[in-house]
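Enquirer: Below is a structure I'd like to ask you about.
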Amino acid sequence: QQQVKQSPQSLIVQKGGISIINCAYENTAFDYFPWYQQFPGKGPALLIAIRPDVSEKKEGRFTISFNKSAKQFSLHIMDSQPGDSATYFCAAGNSTSGTYKYIFGTGTRLKVLA
Amino acid sequence: DSGVTQTPKHLITATGQRVTLRCSPRSGDLSVYWYQQSLDQGLQFLIQYYNGEERAKGNILERFSAQQFPDLHSELNLSSLELGDSALYFCAREETQYFGPGTRLLVL
């Protein structure tokens with residue numbers, strides 16, 4: 001129940017295309033869903049996050065779509081660029097005792113071809 | 001800039017040994033979170049400290065321990081190391097919004 005399932009494991013997209021990464025969770029106690037971007041040799045960096053009271057959040061070329069009833073959320077990268085090539089992690093978090101704890105997905109390695 | 005400094009960047013040691021990883025968050029940050037990233041287990045939350053006190057615990061082994069000092073830097077101590085402890089260890093601040101660059105630990 002604590003798992004976050006992420007797919008696909010890897011993704012190759014042409015420059016200018018749309019990259020879509022999906023995540024699913026089971027625990028309905030989760031109330032915060034961030035996405036992280038990680039480049040080789042670096043720590044994950046928070047990209048965008050959503051709470052379950054909205055169905056979509058957009059920041060620049062990055063959009064999260066959230067389906068509460070299906071317990072699924074996805075990251076869409078519009079107009080994908082070679083510089084977007086990285087590993088992307090979804091996460092689900094909930095607050096206990098005033099602090100958030102997160103379960104991370106297994107990651108999606110994205111490669112955008114020039 | 002994540003505002004988090006971690007040392008060392010790389011660490012190579014042998015099984016059975018003990019190592020200490022250091023994390024220094026941005027001045028004034030009271031919270032520090034430790035994470036382990038390995039190929040088989042992915043990114044896992046280990047432990048959180050807030051203003052010197054342990055606040056939350058995740059999948060941290062008994063051989064591992066952490067502490068946060070009065071100047072708010074934190075240390076993660078890994079003892080009786082096993083091959084499977086080889087991983088990247090990250091600390092993060094501000095509710096895991098900002099991760100440090102990590103320490104890559106290799107246990108031979």
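Lettering and numbering for the structure tokens are positional, with chains as A, B, ... in the shown order, residues counted from 1 in each chain, and ligands counted from 1 in the shown order.
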Show me, as a VMD selection string, the residues that have an atom within 6 Å of region 16-29 of chain B when counting only C-alpha atoms, minus same-chain residues fewer than 5 positions from it.

Expert: chain B and resid 3 to 7 73 to 81

Enquirer: Could you write out the selected residues, including N, CA and C atoms, as a PDB file, in the first residue's frame?

Expert:
ATOM      1  N   GLY B   3      21.502  24.866  -1.766  1.00  0.00           N
ATOM      2  CA  GLY B   3      21.698  25.342  -0.406  1.00  0.00           C
ATOM      3  C   GLY B   3      22.110  24.247   0.554  1.00  0.00           C
ATOM      4  N   VAL B   4      22.534  23.111   0.008  1.00  0.00           N
ATOM      5  CA  VAL B   4      22.954  21.990   0.840  1.00  0.00           C
ATOM      6  C   VAL B   4      24.357  21.553   0.406  1.00  0.00           C
ATOM      7  N   THR B   5      25.236  21.435   1.362  1.00  0.00           N
ATOM      8  CA  THR B   5      26.605  20.975   1.096  1.00  0.00           C
ATOM      9  C   THR B   5      26.801  19.609   1.727  1.00  0.00           C
ATOM     10  N   GLN B   6      27.378  18.695   0.945  1.00  0.00           N
ATOM     11  CA  GLN B   6      27.646  17.359   1.471  1.00  0.00           C
ATOM     12  C   GLN B   6      29.101  17.002   1.241  1.00  0.00           C
ATOM     13  N   THR B   7      29.690  16.396   2.247  1.00  0.00           N
ATOM     14  CA  THR B   7      31.065  15.899   2.131  1.00  0.00           C
ATOM     15  C   THR B   7      31.172  14.528   2.770  1.00  0.00           C
ATOM     16  N   HIS B  73      24.437  21.383  11.338  1.00  0.00           N
ATOM     17  CA  HIS B  73      24.917  20.405  10.379  1.00  0.00           C
ATOM     18  C   HIS B  73      24.583  19.009  10.909  1.00  0.00           C
ATOM     19  N   SER B  74      24.554  18.061  10.008  1.00  0.00           N
ATOM     20  CA  SER B  74      24.160  16.718  10.398  1.00  0.00           C
ATOM     21  C   SER B  74      25.186  15.712   9.910  1.00  0.00           C
ATOM     22  N   GLU B  75      25.272  14.614  10.605  1.00  0.00           N
ATOM     23  CA  GLU B  75      26.154  13.519  10.206  1.00  0.00           C
ATOM     24  C   GLU B  75      25.366  12.218  10.191  1.00  0.00           C
ATOM     25  N   LEU B  76      25.639  11.439   9.172  1.00  0.00           N
ATOM     26  CA  LEU B  76      25.055  10.103   9.053  1.00  0.00           C
ATOM     27  C   LEU B  76      26.183   9.108   9.234  1.00  0.00           C
ATOM     28  N   ASN B  77      26.048   8.268  10.239  1.00  0.00           N
ATOM     29  CA  ASN B  77      27.071   7.281  10.552  1.00  0.00           C
ATOM     30  C   ASN B  77      26.615   5.907  10.078  1.00  0.00           C
ATOM     31  N   LEU B  78      27.458   5.278   9.282  1.00  0.00           N
ATOM     32  CA  LEU B  78      27.152   3.948   8.755  1.00  0.00           C
ATOM     33  C   LEU B  78      28.215   2.994   9.279  1.00  0.00           C
ATOM     34  N   SER B  79      27.802   1.951   9.982  1.00  0.00           N
ATOM     35  CA  SER B  79      28.785   1.044  10.579  1.00  0.00           C
ATOM     36  C   SER B  79      28.584  -0.382  10.085  1.00  0.00           C
ATOM     37  N   SER B  80      29.577  -1.205  10.351  1.00  0.00           N
ATOM     38  CA  SER B  80      29.553  -2.613   9.926  1.00  0.00           C
ATOM     39  C   SER B  80      29.107  -2.712   8.473  1.00  0.00           C
ATOM     40  N   LEU B  81      29.763  -1.946   7.646  1.00  0.00           N
ATOM     41  CA  LEU B  81      29.315  -1.799   6.263  1.00  0.00           C
ATOM     42  C   LEU B  81      29.314  -3.107   5.499  1.00  0.00           C
TER      43      LEU B  81
END

Enquirer: What's the 10 Å shell around Ile77 (chain A), counting only C-alpha atoms, without same-chain residues fewer than 3 positions away, as a ChimeraX atom specification?

Expert: /A:16-21,58-64,74,80-81,84

Enquirer: Go ahead and write the residues just picked, N, CA, C and O atoms, as a compact mmCIF listing (two decimals), in the first residue's frame.

Expert:
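Ended up saving to again_28.txt:
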# COMPACT_ATOMS: atom_id res chain seq x y z
N GLY A 16 11.03 18.37 -29.42
CA GLY A 16 9.76 19.00 -29.77
C GLY A 16 8.55 18.15 -29.43
O GLY A 16 7.42 18.63 -29.46
N GLY A 17 8.78 16.89 -29.10
CA GLY A 17 7.68 15.99 -28.78
C GLY A 17 7.20 16.13 -27.33
O GLY A 17 7.72 16.94 -26.56
N ILE A 18 6.20 15.34 -26.99
CA ILE A 18 5.66 15.36 -25.63
C ILE A 18 6.14 14.11 -24.90
O ILE A 18 6.00 12.99 -25.40
N SER A 19 6.69 14.33 -23.72
CA SER A 19 7.11 13.20 -22.87
C SER A 19 6.05 13.02 -21.79
O SER A 19 5.64 13.99 -21.16
N ILE A 20 5.63 11.78 -21.59
CA ILE A 20 4.61 11.50 -20.59
C ILE A 20 5.10 10.39 -19.68
O ILE A 20 5.48 9.31 -20.14
N ILE A 21 5.08 10.67 -18.40
CA ILE A 21 5.49 9.70 -17.39
C ILE A 21 4.34 9.54 -16.41
O ILE A 21 3.73 10.53 -15.99
N LYS A 58 0.28 23.51 -14.09
CA LYS A 58 1.20 23.75 -15.19
C LYS A 58 2.25 24.77 -14.77
O LYS A 58 1.92 25.80 -14.19
N GLU A 59 3.49 24.46 -15.10
CA GLU A 59 4.58 25.42 -14.88
C GLU A 59 5.49 25.36 -16.09
O GLU A 59 6.26 24.41 -16.26
N GLY A 60 5.36 26.36 -16.93
CA GLY A 60 6.15 26.37 -18.15
C GLY A 60 5.78 25.19 -19.03
O GLY A 60 4.61 24.96 -19.34
N ARG A 61 6.79 24.42 -19.41
CA ARG A 61 6.53 23.27 -20.29
C ARG A 61 6.13 22.02 -19.51
O ARG A 61 5.85 20.98 -20.11
N PHE A 62 6.09 22.11 -18.19
CA PHE A 62 5.81 20.95 -17.35
C PHE A 62 4.39 21.03 -16.79
O PHE A 62 3.99 22.05 -16.24
N THR A 63 3.66 19.94 -16.93
CA THR A 63 2.29 19.86 -16.44
C THR A 63 2.10 18.57 -15.66
O THR A 63 2.54 17.50 -16.11
N ILE A 64 1.47 18.67 -14.51
CA ILE A 64 1.04 17.47 -13.78
C ILE A 64 -0.46 17.33 -13.99
O ILE A 64 -1.22 18.28 -13.77
N SER A 74 0.38 12.10 -13.54
CA SER A 74 1.36 12.00 -14.61
C SER A 74 2.04 13.34 -14.84
O SER A 74 1.50 14.39 -14.52
N SER A 80 9.58 18.86 -25.71
CA SER A 80 10.75 18.27 -25.04
C SER A 80 12.06 18.69 -25.74
O SER A 80 12.12 18.73 -26.98
N GLN A 81 13.05 18.97 -24.93
CA GLN A 81 14.35 19.44 -25.44
C GLN A 81 15.46 18.47 -24.98
O GLN A 81 15.33 17.81 -23.95
N ASP A 84 16.34 18.31 -21.45
CA ASP A 84 15.41 17.65 -20.52
C ASP A 84 15.83 16.21 -20.25
O ASP A 84 15.24 15.55 -19.39

Enquirer: If I take CA of Leu47 (chain A) and CA of Pro34 (chain A), how far is one from the other in Å, to one decimal?

Expert: 7.4 Å

Enquirer: Select all residues from chain B having any atom no more than 6 Å from an atom of chain A (counting only C-alpha atoms, ignoring ligands), output as a list in words.

Expert: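 Result: Gly42, Gln97, Phe99, Gly100 and Pro101 of chain B.
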
Enquirer: Report as a ChimeraX atom specification: the residues of region 8-97 of chain A with a DSSP assignment of strand (DSSP E), based on the backbone of this structure.

Expert: /A:10-14,19-25,33-38,45-50,56-59,62-67,72-77,86-96

Enquirer: Might you pull out every residue within 12 Å of Gln48 (chain B), with only C-alpha atoms counted and same-chain residues fewer than 4 positions away left off, and present them as a VMD selection string?

Expert: (chain A and resid 97 to 102) or (chain B and resid 30 to 35 52 to 60 65 to 68 74 to 76 90 to 96)

Enquirer: Restricting the output to N, CA, C and O atoms, write the selected residues as a CSV table (one decimal), in the first residue's frame.

Expert:
chain,number,residue,atom,x,y,z
A,97,SER,N,2.9,13.9,12.2
A,97,SER,CA,3.6,14.6,13.3
A,97,SER,C,4.2,15.8,12.8
A,97,SER,O,5.4,16.2,13.2
A,98,GLY,N,3.6,16.5,11.9
A,98,GLY,CA,4.1,17.8,11.4
A,98,GLY,C,5.2,17.7,10.3
A,98,GLY,O,5.8,18.7,10.0
A,99,THR,N,5.5,16.5,9.8
A,99,THR,CA,6.5,16.5,8.8
A,99,THR,C,6.1,15.5,7.7
A,99,THR,O,5.3,14.6,7.9
A,100,TYR,N,6.5,15.8,6.5
A,100,TYR,CA,6.2,15.0,5.4
A,100,TYR,C,7.2,13.9,5.2
A,100,TYR,O,8.4,14.1,5.3
A,101,LYS,N,6.6,12.7,4.9
A,101,LYS,CA,7.4,11.5,4.5
A,101,LYS,C,7.0,11.2,3.1
A,101,LYS,O,5.8,11.2,2.8
A,102,TYR,N,8.0,10.8,2.3
A,102,TYR,CA,7.7,10.6,0.9
A,102,TYR,C,8.1,9.1,0.5
A,102,TYR,O,9.1,8.6,1.0
B,30,LEU,N,16.4,24.5,9.9
B,30,LEU,CA,16.3,23.6,11.1
B,30,LEU,C,16.2,22.2,10.8
B,30,LEU,O,16.6,21.3,11.6
B,31,SER,N,15.7,21.8,9.6
B,31,SER,CA,15.4,20.4,9.2
B,31,SER,C,16.5,19.9,8.3
B,31,SER,O,17.0,20.6,7.4
B,32,VAL,N,16.8,18.6,8.5
B,32,VAL,CA,17.6,18.0,7.5
B,32,VAL,C,17.1,16.5,7.4
B,32,VAL,O,16.6,15.9,8.3
B,33,TYR,N,17.1,16.1,6.1
B,33,TYR,CA,16.5,14.8,5.8
B,33,TYR,C,17.7,14.0,5.1
B,33,TYR,O,18.4,14.5,4.3
B,34,TRP,N,17.7,12.7,5.5
B,34,TRP,CA,18.7,11.8,4.8
B,34,TRP,C,18.0,10.8,3.9
B,34,TRP,O,17.0,10.2,4.4
B,35,TYR,N,18.6,10.6,2.7
B,35,TYR,CA,18.0,9.6,1.8
B,35,TYR,C,19.1,8.7,1.3
B,35,TYR,O,20.3,9.2,1.2
B,52,GLY,N,18.0,19.6,16.0
B,52,GLY,CA,18.8,18.7,16.9
B,52,GLY,C,18.0,17.5,17.4
B,52,GLY,O,18.7,16.6,18.0
B,53,GLU,N,16.7,17.4,17.1
B,53,GLU,CA,16.0,16.2,17.5
B,53,GLU,C,15.5,15.4,16.4
B,53,GLU,O,15.2,15.9,15.3
B,54,GLU,N,15.5,14.1,16.6
B,54,GLU,CA,15.0,13.2,15.6
B,54,GLU,C,13.5,13.4,15.4
B,54,GLU,O,12.7,13.4,16.4
B,55,ARG,N,13.0,13.7,14.2
B,55,ARG,CA,11.6,14.0,13.9
B,55,ARG,C,10.9,12.8,13.3
B,55,ARG,O,9.7,12.6,13.6
B,56,ALA,N,11.5,12.2,12.3
B,56,ALA,CA,10.9,11.1,11.6
B,56,ALA,C,11.9,10.0,11.2
B,56,ALA,O,13.0,10.4,10.9
B,57,LYS,N,11.4,8.8,11.2
B,57,LYS,CA,12.3,7.7,10.8
B,57,LYS,C,11.7,7.0,9.6
B,57,LYS,O,10.5,6.7,9.6
B,58,GLY,N,12.6,6.6,8.7
B,58,GLY,CA,12.1,5.8,7.6
B,58,GLY,C,12.8,4.4,7.6
B,58,GLY,O,12.9,3.8,8.6
B,59,ASN,N,13.3,4.0,6.4
B,59,ASN,CA,13.9,2.7,6.3
B,59,ASN,C,15.3,2.7,6.7
B,59,ASN,O,16.2,2.2,6.0
B,60,ILE,N,15.6,3.1,7.9
B,60,ILE,CA,17.0,3.2,8.3
B,60,ILE,C,17.4,2.0,9.1
B,60,ILE,O,16.7,1.5,10.0
B,65,SER,N,23.1,5.4,12.0
B,65,SER,CA,22.6,6.4,12.9
B,65,SER,C,22.9,7.8,12.4
B,65,SER,O,23.8,8.0,11.5
B,66,ALA,N,22.2,8.8,12.9
B,66,ALA,CA,22.4,10.1,12.5
B,66,ALA,C,22.3,11.1,13.7
B,66,ALA,O,21.8,10.7,14.8
B,67,GLN,N,22.8,12.2,13.5
B,67,GLN,CA,22.7,13.3,14.6
B,67,GLN,C,22.8,14.6,13.9
B,67,GLN,O,23.3,14.8,12.8
B,68,GLN,N,22.2,15.6,14.6
B,68,GLN,CA,22.2,17.0,14.2
B,68,GLN,C,22.8,17.8,15.3
B,68,GLN,O,22.4,17.7,16.4
B,74,SER,N,24.6,18.1,10.0
B,74,SER,CA,24.2,16.7,10.4
B,74,SER,C,25.2,15.7,9.9
B,74,SER,O,25.9,15.9,8.9
B,75,GLU,N,25.3,14.6,10.6
B,75,GLU,CA,26.2,13.5,10.2
B,75,GLU,C,25.4,12.2,10.2
B,75,GLU,O,24.5,12.0,11.1
B,76,LEU,N,25.6,11.4,9.2
B,76,LEU,CA,25.1,10.1,9.1
B,76,LEU,C,26.2,9.1,9.2
B,76,LEU,O,27.2,9.1,8.5
B,90,PHE,N,22.0,11.1,0.1
B,90,PHE,CA,21.7,12.5,-0.1
B,90,PHE,C,21.1,13.1,1.2
B,90,PHE,O,20.4,12.4,2.0
B,91,CYS,N,21.4,14.3,1.5
B,91,CYS,CA,20.6,15.0,2.5
B,91,CYS,C,19.8,16.1,1.8
B,91,CYS,O,20.1,16.5,0.7
B,92,ALA,N,18.7,16.5,2.4
B,92,ALA,CA,17.8,17.4,1.8
B,92,ALA,C,17.3,18.4,2.9
B,92,ALA,O,17.4,18.1,4.1
B,93,ARG,N,16.8,19.5,2.4
B,93,ARG,CA,16.2,20.5,3.4
B,93,ARG,C,14.9,20.9,2.9
B,93,ARG,O,14.4,20.6,1.8
B,94,GLU,N,14.2,21.7,3.7
B,94,GLU,CA,12.9,22.3,3.4
B,94,GLU,C,11.9,21.2,2.9
B,94,GLU,O,11.4,21.3,1.7
B,95,GLU,N,11.5,20.3,3.7
B,95,GLU,CA,10.5,19.3,3.4
B,95,GLU,C,10.9,18.5,2.1
B,95,GLU,O,10.1,18.2,1.3
B,96,THR,N,12.2,18.3,1.9
B,96,THR,CA,12.7,17.5,0.8
B,96,THR,C,12.6,18.2,-0.5
B,96,THR,O,12.6,17.6,-1.6

Enquirer: For Ser69 (chain A), please output as a PyMOL selection string all residues within 12 Å (counting only C-alpha atoms; exclusion window: fewer than 6 positions along the same chain).

Expert: chain A and resi 24-28+52-53+55

Enquirer: What does the file look like for those residues with all heavy atoms, as a tab-separated table (two decimals), in the first residue's frame?

Expert:
chain	number	residue	atom	x	y	z
A	24	ALA	N	1.28	5.75	-10.17
A	24	ALA	CA	0.06	5.31	-9.51
A	24	ALA	C	0.37	5.00	-8.05
A	24	ALA	O	1.47	4.53	-7.74
A	24	ALA	CB	-0.49	4.07	-10.20
A	25	TYR	N	-0.58	5.28	-7.20
A	25	TYR	CA	-0.38	5.04	-5.78
A	25	TYR	C	-1.61	4.33	-5.23
A	25	TYR	O	-2.66	4.26	-5.88
A	25	TYR	CB	-0.13	6.36	-5.04
A	25	TYR	CG	-1.30	7.31	-5.08
A	25	TYR	CD1	-2.19	7.42	-4.01
A	25	TYR	CD2	-1.52	8.11	-6.19
A	25	TYR	CE1	-3.27	8.28	-4.06
A	25	TYR	CE2	-2.59	8.99	-6.25
A	25	TYR	CZ	-3.46	9.07	-5.18
A	25	TYR	OH	-4.53	9.93	-5.22
A	26	GLU	N	-1.49	3.81	-4.01
A	26	GLU	CA	-2.62	3.09	-3.41
A	26	GLU	C	-3.11	3.75	-2.12
A	26	GLU	O	-4.29	3.70	-1.82
A	26	GLU	CB	-2.21	1.65	-3.13
A	26	GLU	CG	-1.94	0.84	-4.40
A	26	GLU	CD	-1.55	-0.58	-4.12
A	26	GLU	OE1	-1.55	-0.97	-2.94
A	26	GLU	OE2	-1.23	-1.31	-5.07
A	27	ASN	N	-2.18	4.35	-1.41
A	27	ASN	CA	-2.54	4.90	-0.10
A	27	ASN	C	-3.26	6.23	-0.25
A	27	ASN	O	-2.66	7.22	-0.68
A	27	ASN	CB	-1.27	5.07	0.73
A	27	ASN	CG	-1.55	5.47	2.15
A	27	ASN	OD1	-2.68	5.80	2.51
A	27	ASN	ND2	-0.53	5.46	2.98
A	28	THR	N	-4.52	6.28	0.12
A	28	THR	CA	-5.29	7.51	-0.04
A	28	THR	C	-4.91	8.58	0.97
A	28	THR	O	-5.39	9.71	0.90
A	28	THR	CB	-6.80	7.21	0.08
A	28	THR	OG1	-7.03	6.54	1.33
A	28	THR	CG2	-7.28	6.33	-1.05
A	52	PRO	N	-3.99	17.03	-4.10
A	52	PRO	CA	-5.12	16.33	-4.72
A	52	PRO	C	-6.39	17.14	-4.87
A	52	PRO	O	-7.37	16.64	-5.42
A	52	PRO	CB	-5.34	15.13	-3.78
A	52	PRO	CG	-4.71	15.49	-2.51
A	52	PRO	CD	-3.60	16.43	-2.81
A	53	ASP	N	-6.38	18.40	-4.45
A	53	ASP	CA	-7.59	19.20	-4.62
A	53	ASP	C	-7.67	19.87	-5.99
A	53	ASP	O	-8.65	20.53	-6.32
A	53	ASP	CB	-7.70	20.25	-3.51
A	53	ASP	CG	-6.43	21.09	-3.37
A	53	ASP	OD1	-5.39	20.70	-3.94
A	53	ASP	OD2	-6.49	22.13	-2.69
A	55	SER	N	-6.83	19.17	-10.36
A	55	SER	CA	-6.63	18.08	-11.32
A	55	SER	C	-5.46	18.33	-12.27
A	55	SER	O	-5.01	17.42	-12.95
A	55	SER	CB	-7.90	17.86	-12.14
A	55	SER	OG	-8.22	19.05	-12.84

Enquirer: Any idea what the distance is between CA of Tyr32 (chain A) and CA of Arg51 (chain A)?

Expert: 4.8 Å

Enquirer: Which polymer residues have any atom within 6 Å of an atom of Thr108 (chain A), counting only C-alpha atoms, with same-chain residues fewer than 3 positions away left out, as a short mmCIF file (atom, residue, chain, number, x, y, z; two decimals) with C-alpha atoms, in the first residue's frame?

Expert:
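Ended up saving to around04.cif:
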data_model
loop_
_atom_site.label_atom_id
_atom_site.label_comp_id
_atom_site.auth_asym_id
_atom_site.auth_seq_id
_atom_site.Cartn_x
_atom_site.Cartn_y
_atom_site.Cartn_z
CA GLN A 9 11.27 2.77 -16.96
CA SER A 10 12.82 4.57 -19.92
CA THR A 87 15.86 10.76 -14.78
CA TYR A 88 12.47 11.77 -13.44
#
